[in-house]
Amino acid sequence: MASQHYNLFLQEMWKGTLGDLTSAGVTVKVRLMRTSAYTISQAHQYASSLPAAVATDVTLGSKVATGNSPGGGTDPGCFDAADATFTAVPAGAALDCLAIFKDTGTPASSPLMGYMDGFTVTPNGGDITVQWQGAAPWIAKL
């Protein structure tokens, strides 16, 4: 599949129910996964639809909107954050997709935001850093 937004996330964005995802009180996380364990579906709305984490989910820091990237530059409608480092990822099969979600503390109410694939990394017990694109659309653009 291609990287994409979850449509139910977009629906809630337009309704204004998700609030400011860049505010300090809002936690946005990333989960590394395998496409062999997860098939994206636009019917998925919450993190409870994701497979078990293969490593501890990473909380995104330095979240910004409207394209004001931590690295500079502007492009309205973009979302960016600091790169995500997964620490001590257990050795195993290749990881080849990730999901981004707003963490409410309960997977059944944590809305899925986006899905990315098109990469492969084989964990060896060390850290894995996800480096977001350094120019628009950074992590994502609405």
# chains A, B, ... in the order shown; residues from 1 in each chain; ligands from 1

call {"tool": "residues_around", "arguments": {"residues": "segment 107-115 of chain A", "least_positions_apart": "6", "cutoff": "9 Å", "atoms": "only C-alpha atoms", "output": "list in words"}}
result
Ala2, Ser3, Gln4, His5, Tyr6, Asn7, Leu8, Phe9, Leu10, Leu18, Ile40, His44, Gln45, Tyr46, Ala47, Ser48, Ser49, Leu50, Cys97, Leu98, Ala99, Ile100, Phe101 and Ala140 of chain A

call {"tool": "residues_around", "arguments": {"residues": "Asp96 of chain A", "least_positions_apart": "2", "cutoff": "8 Å", "atoms": "only C-alpha atoms", "output": "list of chain:residue names"}}
result
A:Leu32, A:Met33, A:Arg34, A:Thr35, A:Ala94, A:Leu98, A:Asp117, A:Gly118, A:Phe119, A:Thr120, A:Val121

call {"tool": "write_last_selection", "arguments": {"atoms": "N, CA and C atoms", "output": "CSV table (one decimal), in the first residue's frame"}}
result
chain,number,residue,atom,x,y,z
A,32,LEU,N,6.3,1.3,15.0
A,32,LEU,CA,6.9,0.5,14.0
A,32,LEU,C,6.2,-0.8,13.8
A,33,MET,N,6.0,-1.2,12.6
A,33,MET,CA,5.2,-2.5,12.4
A,33,MET,C,5.8,-3.2,11.2
A,34,ARG,N,5.2,-4.4,10.9
A,34,ARG,CA,5.5,-5.2,9.7
A,34,ARG,C,4.2,-5.3,8.9
A,35,THR,N,4.4,-5.2,7.6
A,35,THR,CA,3.2,-5.3,6.7
A,35,THR,C,2.6,-6.7,6.8
A,94,ALA,N,12.3,-8.0,9.4
A,94,ALA,CA,12.3,-6.6,8.9
A,94,ALA,C,11.0,-5.9,9.2
A,98,LEU,N,4.8,2.0,9.4
A,98,LEU,CA,4.6,2.6,10.7
A,98,LEU,C,3.2,3.3,10.7
A,117,ASP,N,4.7,3.5,4.6
A,117,ASP,CA,5.4,2.3,4.2
A,117,ASP,C,6.5,2.8,3.2
A,118,GLY,N,7.1,1.8,2.5
A,118,GLY,CA,8.1,2.2,1.5
A,118,GLY,C,9.5,2.2,2.0
A,119,PHE,N,9.7,1.6,3.2
A,119,PHE,CA,11.0,1.5,3.7
A,119,PHE,C,11.2,0.1,4.3
A,120,THR,N,12.4,-0.3,4.6
A,120,THR,CA,12.7,-1.6,5.2
A,120,THR,C,13.9,-1.4,6.1
A,121,VAL,N,13.8,-1.9,7.3
A,121,VAL,CA,14.9,-1.9,8.3
A,121,VAL,C,14.8,-3.2,9.1

call {"tool": "atom_distance", "arguments": {"atom1": "atom CA of Val30 of chain A", "atom2": "atom CA of Cys78 of chain A"}}
result
17.0 Å

call {"tool": "select_by_dssp", "arguments": {"residues": "segment 47-128 of chain A", "states": "strand (DSSP E)", "output": "ChimeraX atom specification"}}
result
/A:58-59,64-65,78-80,84-86,95-103,112-121,128

call {"tool": "write_last_selection", "arguments": {"atoms": "C-alpha atoms", "output": "PDB file, in the first residue's frame"}}
result
ATOM      1  CA  VAL A  58       7.869   6.783  20.412  1.00  0.00           C
ATOM      2  CA  THR A  59       6.297  10.080  21.466  1.00  0.00           C
ATOM      3  CA  VAL A  64       4.591  21.875  14.566  1.00  0.00           C
ATOM      4  CA  ALA A  65       1.878  22.627  12.024  1.00  0.00           C
ATOM      5  CA  CYS A  78       2.016  20.383   6.895  1.00  0.00           C
ATOM      6  CA  PHE A  79       2.737  18.488  10.125  1.00  0.00           C
ATOM      7  CA  ASP A  80       6.291  17.931  11.344  1.00  0.00           C
ATOM      8  CA  ALA A  84      11.706   9.469  16.241  1.00  0.00           C
ATOM      9  CA  THR A  85      14.261   7.136  17.841  1.00  0.00           C
ATOM     10  CA  PHE A  86      13.122   3.668  18.872  1.00  0.00           C
ATOM     11  CA  LEU A  95      10.085  -3.687   9.811  1.00  0.00           C
ATOM     12  CA  ASP A  96       8.482  -1.974   6.845  1.00  0.00           C
ATOM     13  CA  CYS A  97       5.645   0.294   7.930  1.00  0.00           C
ATOM     14  CA  LEU A  98       4.590   2.617  10.720  1.00  0.00           C
ATOM     15  CA  ALA A  99       1.471   4.253  12.068  1.00  0.00           C
ATOM     16  CA  ILE A 100       1.101   7.679  13.665  1.00  0.00           C
ATOM     17  CA  PHE A 101      -1.648   8.226  16.231  1.00  0.00           C
ATOM     18  CA  LYS A 102      -2.868  10.631  18.887  1.00  0.00           C
ATOM     19  CA  ASP A 103      -2.375   8.793  22.183  1.00  0.00           C
ATOM     20  CA  LEU A 112      -5.036   6.833  13.959  1.00  0.00           C
ATOM     21  CA  MET A 113      -3.606   9.719  11.924  1.00  0.00           C
ATOM     22  CA  GLY A 114      -1.378   8.308   9.213  1.00  0.00           C
ATOM     23  CA  TYR A 115       0.284   5.217   7.781  1.00  0.00           C
ATOM     24  CA  MET A 116       3.685   5.091   6.079  1.00  0.00           C
ATOM     25  CA  ASP A 117       5.447   2.350   4.205  1.00  0.00           C
ATOM     26  CA  GLY A 118       8.059   2.167   1.477  1.00  0.00           C
ATOM     27  CA  PHE A 119      11.044   1.482   3.733  1.00  0.00           C
ATOM     28  CA  THR A 120      12.672  -1.607   5.221  1.00  0.00           C
ATOM     29  CA  VAL A 121      14.887  -1.871   8.272  1.00  0.00           C
ATOM     30  CA  ILE A 128      16.241   2.702  14.948  1.00  0.00           C
TER      31      ILE A 128
END

call {"tool": "closest_residue", "arguments": {"among": "A:Pro51, A:Pro76, A:Gly105, A:Pro90", "to": "Lys29 of chain A", "atoms": "only C-alpha atoms"}}
result
A:Gly105

call {"tool": "select_by_dssp", "arguments": {"residues": "chain A", "states": "alpha helix (DSSP H)", "output": "ChimeraX atom specification"}}
result
/A:7-15

call {"tool": "closest_residue", "arguments": {"among": "A:Leu21, A:Tyr38, A:Asp83, A:Ala93", "to": "Gly134 of chain A", "atoms": "only C-alpha atoms"}}
result
A:Asp83
